[in-house]
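Q: Below is the file my_file00.cif, with mmCIF, C-alpha atoms.
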```
data_query
loop_
_atom_site.label_atom_id
_atom_site.label_comp_id
_atom_site.auth_asym_id
_atom_site.auth_seq_id
_atom_site.Cartn_x
_atom_site.Cartn_y
_atom_site.Cartn_z
CA MET A 24 7.96 43.46 39.11
CA SER A 25 9.54 46.76 40.10
CA ALA A 26 13.01 45.34 39.69
CA LYS A 27 13.23 45.89 35.94
CA ILE A 28 14.97 49.03 34.76
CA PHE A 29 14.65 50.09 31.14
CA PRO A 30 17.54 52.41 30.25
CA THR A 31 15.78 53.73 27.13
CA ALA A 32 12.23 54.10 25.86
CA GLN A 33 13.10 51.60 23.15
CA ASP A 34 14.03 49.04 25.80
CA ALA A 35 10.62 49.56 27.39
CA GLU A 36 8.94 49.19 24.00
CA ASN A 37 10.80 45.98 23.26
CA ALA A 38 9.74 44.59 26.65
CA PHE A 39 6.13 45.62 25.97
CA TYR A 40 5.91 43.65 22.74
CA GLU A 41 7.81 40.69 24.19
CA ALA A 42 5.35 40.52 27.09
CA LEU A 43 2.48 40.77 24.60
CA GLU A 44 3.83 37.81 22.62
CA ARG A 45 4.48 35.76 25.75
CA ALA A 46 1.13 36.72 27.34
CA ASP A 47 3.25 37.62 30.37
CA LEU A 48 1.17 39.75 32.73
CA GLU A 49 3.94 40.60 35.19
CA GLY A 50 6.33 41.36 32.36
CA MET A 51 3.69 43.59 30.80
CA MET A 52 2.91 45.50 33.97
CA ALA A 53 6.63 45.99 34.66
CA VAL A 54 6.69 48.17 31.53
CA TRP A 55 4.00 50.55 32.78
CA SER A 56 4.57 53.48 35.08
CA GLU A 57 3.40 52.84 38.62
CA ASP A 58 3.26 56.47 39.70
CA GLU A 59 1.76 58.39 36.81
CA GLU A 60 -1.67 58.34 35.30
CA ILE A 61 -1.65 55.61 32.66
CA VAL A 62 -4.02 55.13 29.74
CA CYS A 63 -4.46 52.10 27.48
CA VAL A 64 -6.78 51.89 24.47
CA HIS A 65 -7.02 48.50 22.78
CA PRO A 66 -8.33 48.30 19.20
CA ALA A 67 -12.05 49.06 19.17
CA GLY A 68 -11.97 49.10 22.95
CA GLN A 69 -12.93 51.63 25.54
CA ARG A 70 -10.30 53.73 27.29
CA LEU A 71 -8.71 52.07 30.30
CA ALA A 72 -7.25 54.45 32.87
CA GLY A 73 -5.16 53.59 35.92
CA GLN A 74 -3.22 50.52 36.99
CA GLU A 75 -6.23 48.49 38.00
CA GLN A 76 -8.16 48.78 34.73
CA VAL A 77 -5.08 48.39 32.55
CA ARG A 78 -3.89 45.32 34.44
CA GLU A 79 -7.30 43.65 34.48
CA ALA A 80 -7.69 44.01 30.70
CA TRP A 81 -4.27 42.48 30.04
CA ARG A 82 -5.06 39.69 32.52
CA GLN A 83 -8.18 38.82 30.57
CA MET A 84 -6.39 39.03 27.23
CA PHE A 85 -3.52 36.85 28.45
CA ALA A 86 -5.76 34.27 30.12
CA GLY A 87 -5.65 32.01 27.08
CA GLY A 88 -1.85 31.98 26.98
CA PRO A 89 0.49 33.14 24.24
CA GLY A 90 -0.64 32.91 20.64
CA MET A 91 0.53 35.82 18.58
CA ARG A 92 3.60 37.28 16.94
CA VAL A 93 3.90 41.03 16.69
CA GLN A 94 6.20 42.65 14.17
CA VAL A 95 6.72 46.33 14.82
CA ALA A 96 7.47 48.50 11.81
CA GLN A 97 7.66 52.04 10.48
CA GLN A 98 8.43 53.69 13.79
CA VAL A 99 8.16 57.46 13.98
CA ALA A 100 9.72 58.69 17.23
CA VAL A 101 9.95 62.01 19.03
CA THR A 102 12.36 61.64 21.92
CA GLY A 103 12.95 64.22 24.61
CA MET A 104 14.87 64.19 27.86
CA MET A 105 11.92 62.99 29.91
CA VAL A 106 9.32 61.81 27.41
CA ALA A 107 9.40 59.70 24.27
CA VAL A 108 6.53 59.33 21.82
CA HIS A 109 6.59 56.42 19.39
CA SER A 110 4.15 55.79 16.57
CA VAL A 111 4.42 52.28 15.15
CA HIS A 112 2.64 49.82 12.94
CA GLU A 113 1.95 46.45 14.53
CA ASN A 114 1.76 43.52 12.16
CA ILE A 115 0.12 40.73 14.11
CA THR A 116 0.06 37.06 13.21
CA VAL A 117 -2.15 34.83 15.33
CA THR A 118 -1.29 31.16 15.72
CA GLY A 119 -3.54 29.04 13.53
CA GLU A 120 -4.43 31.85 11.18
CA PRO A 121 -2.97 31.49 7.69
CA ARG A 122 -2.02 35.13 7.18
CA ALA A 123 -1.17 38.30 9.06
CA ARG A 124 -4.03 40.49 10.23
CA PRO A 125 -4.42 44.01 8.86
CA PRO A 126 -1.93 46.30 10.56
CA MET A 127 -2.65 48.24 13.71
CA VAL A 128 -1.30 51.70 14.33
CA ALA A 129 -0.19 52.37 17.89
CA THR A 130 0.83 55.48 19.77
CA ASN A 131 3.13 54.60 22.65
CA VAL A 132 4.26 57.23 25.15
CA TYR A 133 7.07 56.66 27.62
CA LEU A 134 8.23 58.68 30.59
CA ARG A 135 11.67 58.74 32.15
CA THR A 136 11.10 57.92 35.80
CA PRO A 137 13.47 57.30 38.73
CA ALA A 138 12.94 53.60 37.89
CA GLY A 139 13.93 53.97 34.24
CA TRP A 140 11.70 54.50 31.22
CA ARG A 141 8.10 53.41 31.64
CA MET A 142 5.03 53.42 29.42
CA ILE A 143 2.22 55.82 30.26
CA VAL A 144 0.08 55.54 27.10
CA HIS A 145 -0.64 52.75 24.63
CA HIS A 146 -3.32 53.59 22.08
CA ALA A 147 -3.86 51.07 19.29
CA SER A 148 -6.42 51.06 16.49
CA PRO A 149 -6.86 49.28 13.16
CA ALA A 150 -5.24 50.99 10.17
CA PRO A 151 -7.22 49.36 7.37
CA GLY A 152 -6.21 51.74 4.64
CA GLU A 153 -2.51 51.25 5.12
CA ALA A 154 -1.69 48.60 2.56
CA ALA A 155 -3.57 50.42 -0.18
CA ALA A 156 -2.06 53.75 0.75
CA GLU A 157 1.47 52.49 0.45
CA THR A 158 1.02 51.76 -3.24
CA ALA A 159 -1.20 54.77 -3.91
CA PRO A 160 -0.03 57.82 -5.83
CA PRO A 161 1.33 60.82 -3.87
CA GLY A 162 -0.98 62.23 -1.22
CA PRO A 163 -2.69 60.22 1.48
CA ALA A 164 -6.01 58.52 1.03
CA ALA A 165 -8.91 60.37 2.60
CA PRO A 166 -9.78 59.22 6.11
CA LYS A 167 -12.66 56.78 6.02
CA ILE A 168 -14.70 58.47 8.71
CA LEU A 169 -15.23 62.15 9.13
CA HIS A 170 -13.80 63.08 12.45
CA MET B 30 -0.23 80.88 10.53
CA SER B 31 2.93 80.98 12.63
CA ALA B 32 1.75 84.04 14.51
CA LYS B 33 -0.33 82.15 17.07
CA ILE B 34 1.31 81.38 20.39
CA PHE B 35 -0.33 78.93 22.75
CA PRO B 36 0.92 79.55 26.30
CA THR B 37 -0.26 76.12 27.53
CA ALA B 38 -1.00 72.72 26.05
CA GLN B 39 -4.63 73.28 27.01
CA ASP B 40 -4.72 76.44 24.91
CA ALA B 41 -3.42 74.43 21.95
CA GLU B 42 -6.05 71.75 22.59
CA ASN B 43 -8.83 74.31 22.74
CA ALA B 44 -7.65 75.79 19.44
CA PHE B 45 -7.52 72.31 17.89
CA TYR B 46 -11.16 71.56 18.66
CA GLU B 47 -12.28 75.07 17.71
CA ALA B 48 -10.59 74.68 14.32
CA LEU B 49 -12.22 71.27 13.94
CA GLU B 50 -15.67 72.75 14.58
CA ARG B 51 -15.04 75.69 12.26
CA ALA B 52 -13.46 73.51 9.54
CA ASP B 53 -10.66 76.07 9.66
CA LEU B 54 -7.61 74.63 7.91
CA GLU B 55 -5.19 77.44 8.77
CA GLY B 56 -6.39 77.51 12.37
CA MET B 57 -5.92 73.74 12.53
CA MET B 58 -2.42 73.76 11.10
CA ALA B 59 -1.42 76.61 13.42
CA VAL B 60 -1.88 74.15 16.28
CA TRP B 61 0.57 71.60 14.88
CA SER B 62 4.32 71.72 15.35
CA GLU B 63 6.17 72.81 12.23
CA ASP B 64 9.57 71.51 13.24
CA GLU B 65 8.99 68.11 14.80
CA GLU B 66 7.76 64.86 13.35
CA ILE B 67 3.97 64.93 13.56
CA VAL B 68 1.53 62.03 13.43
CA CYS B 69 -2.24 62.08 12.99
CA VAL B 70 -4.53 59.05 13.06
CA HIS B 71 -8.19 59.68 12.28
CA PRO B 72 -10.80 57.12 13.37
CA ALA B 73 -10.44 53.97 11.26
CA GLY B 74 -7.90 55.79 9.14
CA GLN B 75 -4.32 55.12 8.20
CA ARG B 76 -1.48 56.88 9.96
CA LEU B 77 -0.60 60.27 8.51
CA ALA B 78 2.96 61.44 9.14
CA GLY B 79 4.46 64.83 8.39
CA GLN B 80 3.02 68.26 7.63
CA GLU B 81 2.03 67.45 4.07
CA GLN B 82 -0.04 64.34 4.79
CA VAL B 83 -1.62 65.78 7.91
CA ARG B 84 -2.59 69.03 6.19
CA GLU B 85 -3.96 67.32 3.10
CA ALA B 86 -6.25 65.08 5.16
CA TRP B 87 -7.65 68.02 7.13
CA ARG B 88 -8.08 69.94 3.87
CA GLN B 89 -10.20 67.12 2.47
CA MET B 90 -12.20 66.78 5.68
CA PHE B 91 -12.85 70.51 5.87
CA ALA B 92 -13.75 70.88 2.18
CA GLY B 93 -17.46 70.59 2.95
CA GLY B 94 -17.35 73.38 5.52
CA PRO B 95 -18.20 73.28 9.21
CA GLY B 96 -20.85 70.85 10.40
CA MET B 97 -20.04 69.36 13.74
CA ARG B 98 -19.89 70.16 17.42
CA VAL B 99 -17.26 68.47 19.54
CA GLN B 100 -17.63 68.22 23.28
CA VAL B 101 -14.44 67.14 25.01
CA ALA B 102 -14.81 65.24 28.26
CA GLN B 103 -13.07 63.04 30.81
CA GLN B 104 -9.60 64.38 30.23
CA VAL B 105 -6.69 62.49 31.70
CA ALA B 106 -3.53 64.57 31.47
CA VAL B 107 0.14 64.02 32.16
CA THR B 108 1.93 67.33 31.94
CA GLY B 109 5.66 67.85 32.03
CA MET B 110 7.93 70.80 31.45
CA MET B 111 8.26 70.17 27.73
CA VAL B 112 5.59 67.62 26.85
CA ALA B 113 1.92 67.19 27.70
CA VAL B 114 -0.13 64.09 27.00
CA HIS B 115 -3.91 64.37 27.05
CA SER B 116 -6.39 61.54 26.74
CA VAL B 117 -9.93 62.74 26.07
CA HIS B 118 -13.32 61.56 25.00
CA GLU B 119 -14.78 63.42 22.03
CA ASN B 120 -18.55 63.56 21.88
CA ILE B 121 -19.40 64.59 18.33
CA THR B 122 -22.72 65.88 17.09
CA VAL B 123 -23.07 66.30 13.34
CA THR B 124 -25.47 68.90 11.95
CA GLY B 125 -28.62 67.20 10.71
CA GLU B 126 -28.18 64.09 12.78
CA PRO B 127 -30.71 63.71 15.60
CA ARG B 128 -28.33 62.42 18.25
CA ALA B 129 -24.66 62.41 19.23
CA ARG B 130 -22.40 59.81 17.69
CA PRO B 131 -20.73 57.20 19.86
CA PRO B 132 -17.76 58.74 21.63
CA MET B 133 -14.24 58.76 20.26
CA VAL B 134 -11.20 58.40 22.45
CA ALA B 135 -8.26 60.58 21.48
CA THR B 136 -4.64 60.74 22.54
CA ASN B 137 -3.24 64.24 22.01
CA VAL B 138 0.44 64.98 22.57
CA TYR B 139 1.81 68.53 22.79
CA LEU B 140 5.35 69.81 22.81
CA ARG B 141 6.61 73.06 24.26
CA THR B 142 8.41 74.77 21.40
CA PRO B 143 10.03 78.20 21.04
CA ALA B 144 6.70 79.18 19.43
CA GLY B 145 4.57 78.00 22.34
CA TRP B 146 2.83 74.67 22.81
CA ARG B 147 2.15 72.72 19.65
CA MET B 148 0.51 69.40 18.85
CA ILE B 149 2.71 66.56 17.63
CA VAL B 150 0.27 63.62 17.86
CA HIS B 151 -3.49 63.26 17.48
CA HIS B 152 -4.70 59.65 17.54
CA ALA B 153 -8.48 59.13 17.61
CA SER B 154 -10.48 55.93 17.50
CA PRO B 155 -14.06 54.88 18.27
CA ALA B 156 -14.72 53.85 21.87
CA PRO B 157 -17.92 51.87 21.40
CA GLY B 158 -17.93 50.21 24.78
CA GLU B 159 -17.78 53.44 26.72
CA ALA B 160 -21.43 54.12 27.45
CA ALA B 161 -22.03 50.60 28.70
CA ALA B 162 -18.84 50.56 30.72
CA GLU B 163 -19.77 53.66 32.65
CA THR B 164 -22.76 51.96 34.18
CA ALA B 165 -21.14 48.54 34.50
CA PRO B 166 -20.05 47.03 37.81
CA PRO B 167 -16.43 47.53 38.93
CA GLY B 168 -13.78 46.34 36.52
CA PRO B 169 -13.54 47.30 32.86
CA ALA B 170 -15.27 45.42 30.08
CA ALA B 171 -12.98 43.14 28.13
CA PRO B 172 -11.56 44.70 24.98
CA LYS B 173 -13.60 43.72 21.96
CA ILE B 174 -10.68 42.61 19.85
CA LEU B 175 -7.72 40.63 21.02
CA HIS B 176 -4.73 42.82 20.54
#
```
How does this structure look as structure tokens?

A:
Amino acid sequence: MSAKIFPTAQDAENAFYEALERADLEGMMAVWSEDEEIVCVHPAGQRLAGQEQVREAWRQMFAGGPGMRVQVAQQVAVTGMMVAVHSVHENITVTGEPRARPPMVATNVYLRTPAGWRMIVHHASPAPGEAAAETAPPGPAAPKILH
Amino acid sequence: MSAKIFPTAQDAENAFYEALERADLEGMMAVWSEDEEIVCVHPAGQRLAGQEQVREAWRQMFAGGPGMRVQVAQQVAVTGMMVAVHSVHENITVTGEPRARPPMVATNVYLRTPAGWRMIVHHASPAPGEAAAETAPPGPAAPKILH
């Protein structure tokens, strides 16, 4: 799994979502950094830190095999020499469900390592207000929960 | 608001949570980068991108004045020359509520700019499984929602 080299952060991101669609555990873990601290937050899930926790959660999620399509949209990216930060919307369609689920918003952080670009953070959460906000008048809708 | 210089990412993070507690809009916006793309995701909220959206959401949230204490815990940090990525748990107590709310997990990304360290991403979401997970046997709990 260490053989894969991603020449850009975008290549790593593409591989991440391909592995997610294929429920491919080795493909997924090949995207993540092996040397740095890694953090993964699934929607409504606790924080997973470190290779072991991150891998185990994907293993459980992929146990049922592939079953979803993920369309990534509206990317906002800040790209540096060594680090890239992507914010994306994930539009997920699950096999057998008639329509797409509400979008997720994900923060993905990649690091340039000696073995190419690797993911160090994936933080995803539901973005329920998105569809309404896109057709709303200027100015964002108020956040639903006081932070 | 441009006068503040944060010598480290941690200084910027401290100022972020102080501004949050004080409901201090100018203090909050002084933490954010003015030149880069910025992204803010409040718990269960849509993605806010750019100075205008981010500021307007904080303005609305701070309109009622200060009323919460935020205790930051369990930081996982990846720090580079130009970028720092912090993952933290936020334990929030709201004035008038008898007990702390369930923890939030936040991904905070900071960039080293000519004007010191500034925030470019804040992504927070509820981490409901956290308390249980901390006393659970080895291995993380399964994420609550298939991603």

Q: Can you give me, as a CSV table (one decimal) with C-alpha atoms, in the coordinates of the input, the residues this file yields under the PyMOL selection byres ((chain A and resi 149) around 7)?

A:
```
chain,number,residue,atom,x,y,z
A,66,PRO,CA,-8.3,48.3,19.2
A,126,PRO,CA,-1.9,46.3,10.6
A,127,MET,CA,-2.6,48.2,13.7
A,128,VAL,CA,-1.3,51.7,14.3
A,148,SER,CA,-6.4,51.1,16.5
A,150,ALA,CA,-5.2,51.0,10.2
A,151,PRO,CA,-7.2,49.4,7.4
B,73,ALA,CA,-10.4,54.0,11.3
```

Q: Do you know which residues are at most 8 Å from Met97 in chain B counting only C-alpha atoms, after dropping those on the same chain fewer than 3 positions away, and could you put them as a ChimeraX atom specification?

A: /B:50,121-124

Q: So how many Å separate CA of Pro36 in chain B and CA of Arg141 in chain B, to one decimal?

A: 8.9 Å

Q: Name all residues at most 10 Å from Glu55 in chain B (count all atoms listed in the file; drop same-chain ones fewer than 2 positions away) and give them as a PyMOL selection string.

A: chain B and resi 30-31+48+52-53+57-60+84+87-88

Q: When you draw a straight line from CA of Ile34 in chain B to CA of Val99 in chain A, how long is it in Å?

A: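 Between CA of Ile34 in chain B and CA of Val99 in chain A the gap works out to 25.7 Å.
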
Q: Identify, on the basis of all atoms listed in the file, every residue whose closest approach to Arg70 in chain A does not exceed 9 Å; exclude the query and any residue fewer than 3 positions from it along the same chain; express the result as a ChimeraX atom specification.

A: /A:62-65,146 /B:116,118,134,156,158-159

Q: Which residues, named as in the file, does the PyMOL selection byres ((chain A and resi 93) around 6) pick out? Answer as number ranges by chain.

A: A: 92, 94, 114-115

Q: For a test of reading the model, state the distance in Å between CA of Glu41 in chain A and CA of Gly103 in chain A, rounded to one decimal.

A: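 Between CA of Glu41 in chain A and CA of Gly103 in chain A the gap works out to 24.1 Å.
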
Q: Take the point (3.3, 49.5, 35.3) in the file's coordinates, draw a sphere of radius 12 Å around it, and report as a tab-separated table (two decimals) with C-alpha atoms, in the coordinates of the input every protein, DNA or RNA residue with an atom inside or on it, counting only C-alpha atoms.

A:
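Writing the result to point-v4.tsv gives the following:
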```
chain	number	residue	atom	x	y	z
A	24	MET	CA	7.96	43.46	39.11
A	25	SER	CA	9.54	46.76	40.10
A	26	ALA	CA	13.01	45.34	39.69
A	27	LYS	CA	13.23	45.89	35.94
A	28	ILE	CA	14.97	49.03	34.76
A	35	ALA	CA	10.62	49.56	27.39
A	38	ALA	CA	9.74	44.59	26.65
A	39	PHE	CA	6.13	45.62	25.97
A	48	LEU	CA	1.17	39.75	32.73
A	49	GLU	CA	3.94	40.60	35.19
A	50	GLY	CA	6.33	41.36	32.36
A	51	MET	CA	3.69	43.59	30.80
A	52	MET	CA	2.91	45.50	33.97
A	53	ALA	CA	6.63	45.99	34.66
A	54	VAL	CA	6.69	48.17	31.53
A	55	TRP	CA	4.00	50.55	32.78
A	56	SER	CA	4.57	53.48	35.08
A	57	GLU	CA	3.40	52.84	38.62
A	58	ASP	CA	3.26	56.47	39.70
A	59	GLU	CA	1.76	58.39	36.81
A	60	GLU	CA	-1.67	58.34	35.30
A	61	ILE	CA	-1.65	55.61	32.66
A	62	VAL	CA	-4.02	55.13	29.74
A	63	CYS	CA	-4.46	52.10	27.48
A	72	ALA	CA	-7.25	54.45	32.87
A	73	GLY	CA	-5.16	53.59	35.92
A	74	GLN	CA	-3.22	50.52	36.99
A	75	GLU	CA	-6.23	48.49	38.00
A	76	GLN	CA	-8.16	48.78	34.73
A	77	VAL	CA	-5.08	48.39	32.55
A	78	ARG	CA	-3.89	45.32	34.44
A	81	TRP	CA	-4.27	42.48	30.04
A	133	TYR	CA	7.07	56.66	27.62
A	134	LEU	CA	8.23	58.68	30.59
A	136	THR	CA	11.10	57.92	35.80
A	138	ALA	CA	12.94	53.60	37.89
A	139	GLY	CA	13.93	53.97	34.24
A	140	TRP	CA	11.70	54.50	31.22
A	141	ARG	CA	8.10	53.41	31.64
A	142	MET	CA	5.03	53.42	29.42
A	143	ILE	CA	2.22	55.82	30.26
A	144	VAL	CA	0.08	55.54	27.10
A	145	HIS	CA	-0.64	52.75	24.63
```

Q: With all atoms listed in the file as the basis for distance, which of B:Leu49, B:Glu126, B:Gly74, B:Thr108 is at the shortest distance from Gly94 in chain B?

A: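 Selected residue with least distance to Gly94 in chain B: B:Leu49.
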
Q: Select range 58-75 of chain A in the preceding structure and write N, CA, C and O atoms to a file as a PDB file, in the first residue's frame.

A:
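Dumped everything to result.pdb:
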```pdb
ATOM      1  N   ASP A  58       3.162   8.703   8.514  1.00  0.00           N
ATOM      2  CA  ASP A  58       4.150   9.204   9.474  1.00  0.00           C
ATOM      3  C   ASP A  58       3.620  10.304  10.376  1.00  0.00           C
ATOM      4  O   ASP A  58       4.116  10.501  11.477  1.00  0.00           O
ATOM      5  N   GLU A  59       2.627  11.046   9.896  1.00  0.00           N
ATOM      6  CA  GLU A  59       2.141  12.182  10.667  1.00  0.00           C
ATOM      7  C   GLU A  59       0.929  11.764  11.499  1.00  0.00           C
ATOM      8  O   GLU A  59       0.315  10.744  11.259  1.00  0.00           O
ATOM      9  N   GLU A  60       0.612  12.608  12.434  1.00  0.00           N
ATOM     10  CA  GLU A  60      -0.648  12.467  13.151  1.00  0.00           C
ATOM     11  C   GLU A  60      -1.781  12.613  12.140  1.00  0.00           C
ATOM     12  O   GLU A  60      -1.790  13.564  11.361  1.00  0.00           O
ATOM     13  N   ILE A  61      -2.731  11.709  12.147  1.00  0.00           N
ATOM     14  CA  ILE A  61      -3.869  11.845  11.240  1.00  0.00           C
ATOM     15  C   ILE A  61      -5.155  11.882  12.053  1.00  0.00           C
ATOM     16  O   ILE A  61      -5.245  11.306  13.140  1.00  0.00           O
ATOM     17  N   VAL A  62      -6.128  12.595  11.517  1.00  0.00           N
ATOM     18  CA  VAL A  62      -7.410  12.783  12.204  1.00  0.00           C
ATOM     19  C   VAL A  62      -8.536  12.618  11.186  1.00  0.00           C
ATOM     20  O   VAL A  62      -8.480  13.186  10.089  1.00  0.00           O
ATOM     21  N   CYS A  63      -9.541  11.850  11.559  1.00  0.00           N
ATOM     22  CA  CYS A  63     -10.698  11.637  10.684  1.00  0.00           C
ATOM     23  C   CYS A  63     -11.975  11.800  11.502  1.00  0.00           C
ATOM     24  O   CYS A  63     -12.121  11.181  12.550  1.00  0.00           O
ATOM     25  N   VAL A  64     -12.871  12.657  11.029  1.00  0.00           N
ATOM     26  CA  VAL A  64     -14.161  12.850  11.688  1.00  0.00           C
ATOM     27  C   VAL A  64     -15.253  12.547  10.669  1.00  0.00           C
ATOM     28  O   VAL A  64     -15.417  13.278   9.686  1.00  0.00           O
ATOM     29  N   HIS A  65     -15.966  11.455  10.890  1.00  0.00           N
ATOM     30  CA  HIS A  65     -17.096  11.113  10.021  1.00  0.00           C
ATOM     31  C   HIS A  65     -18.326  11.884  10.488  1.00  0.00           C
ATOM     32  O   HIS A  65     -18.394  12.299  11.659  1.00  0.00           O
ATOM     33  N   PRO A  66     -19.307  12.071   9.607  1.00  0.00           N
ATOM     34  CA  PRO A  66     -20.499  12.844   9.988  1.00  0.00           C
ATOM     35  C   PRO A  66     -21.135  12.310  11.275  1.00  0.00           C
ATOM     36  O   PRO A  66     -21.418  11.119  11.381  1.00  0.00           O
ATOM     37  N   ALA A  67     -21.330  13.186  12.219  1.00  0.00           N
ATOM     38  CA  ALA A  67     -21.948  12.853  13.506  1.00  0.00           C
ATOM     39  C   ALA A  67     -21.139  11.817  14.287  1.00  0.00           C
ATOM     40  O   ALA A  67     -21.651  11.174  15.202  1.00  0.00           O
ATOM     41  N   GLY A  68     -19.886  11.666  13.914  1.00  0.00           N
ATOM     42  CA  GLY A  68     -19.054  10.678  14.594  1.00  0.00           C
ATOM     43  C   GLY A  68     -18.033  11.328  15.500  1.00  0.00           C
ATOM     44  O   GLY A  68     -17.758  12.519  15.397  1.00  0.00           O
ATOM     45  N   GLN A  69     -17.462  10.529  16.347  1.00  0.00           N
ATOM     46  CA  GLN A  69     -16.405  11.016  17.222  1.00  0.00           C
ATOM     47  C   GLN A  69     -15.122  11.236  16.419  1.00  0.00           C
ATOM     48  O   GLN A  69     -14.994  10.761  15.297  1.00  0.00           O
ATOM     49  N   ARG A  70     -14.158  11.904  17.008  1.00  0.00           N
ATOM     50  CA  ARG A  70     -12.883  12.084  16.321  1.00  0.00           C
ATOM     51  C   ARG A  70     -12.070  10.811  16.393  1.00  0.00           C
ATOM     52  O   ARG A  70     -11.919  10.218  17.463  1.00  0.00           O
ATOM     53  N   LEU A  71     -11.524  10.407  15.255  1.00  0.00           N
ATOM     54  CA  LEU A  71     -10.622   9.265  15.192  1.00  0.00           C
ATOM     55  C   LEU A  71      -9.222   9.808  14.968  1.00  0.00           C
ATOM     56  O   LEU A  71      -9.008  10.633  14.071  1.00  0.00           O
ATOM     57  N   ALA A  72      -8.273   9.372  15.783  1.00  0.00           N
ATOM     58  CA  ALA A  72      -6.907   9.882  15.675  1.00  0.00           C
ATOM     59  C   ALA A  72      -5.940   8.713  15.569  1.00  0.00           C
ATOM     60  O   ALA A  72      -6.025   7.736  16.319  1.00  0.00           O
ATOM     61  N   GLY A  73      -5.030   8.793  14.609  1.00  0.00           N
ATOM     62  CA  GLY A  73      -4.011   7.760  14.446  1.00  0.00           C
ATOM     63  C   GLY A  73      -4.442   6.685  13.452  1.00  0.00           C
ATOM     64  O   GLY A  73      -5.628   6.456  13.217  1.00  0.00           O
ATOM     65  N   GLN A  74      -3.463   6.050  12.868  1.00  0.00           N
ATOM     66  CA  GLN A  74      -3.681   5.010  11.854  1.00  0.00           C
ATOM     67  C   GLN A  74      -4.678   3.944  12.298  1.00  0.00           C
ATOM     68  O   GLN A  74      -5.562   3.559  11.540  1.00  0.00           O
ATOM     69  N   GLU A  75      -4.511   3.470  13.519  1.00  0.00           N
ATOM     70  CA  GLU A  75      -5.291   2.319  13.949  1.00  0.00           C
ATOM     71  C   GLU A  75      -6.790   2.638  13.997  1.00  0.00           C
ATOM     72  O   GLU A  75      -7.622   1.904  13.464  1.00  0.00           O
TER      73      GLU A  75
END
```
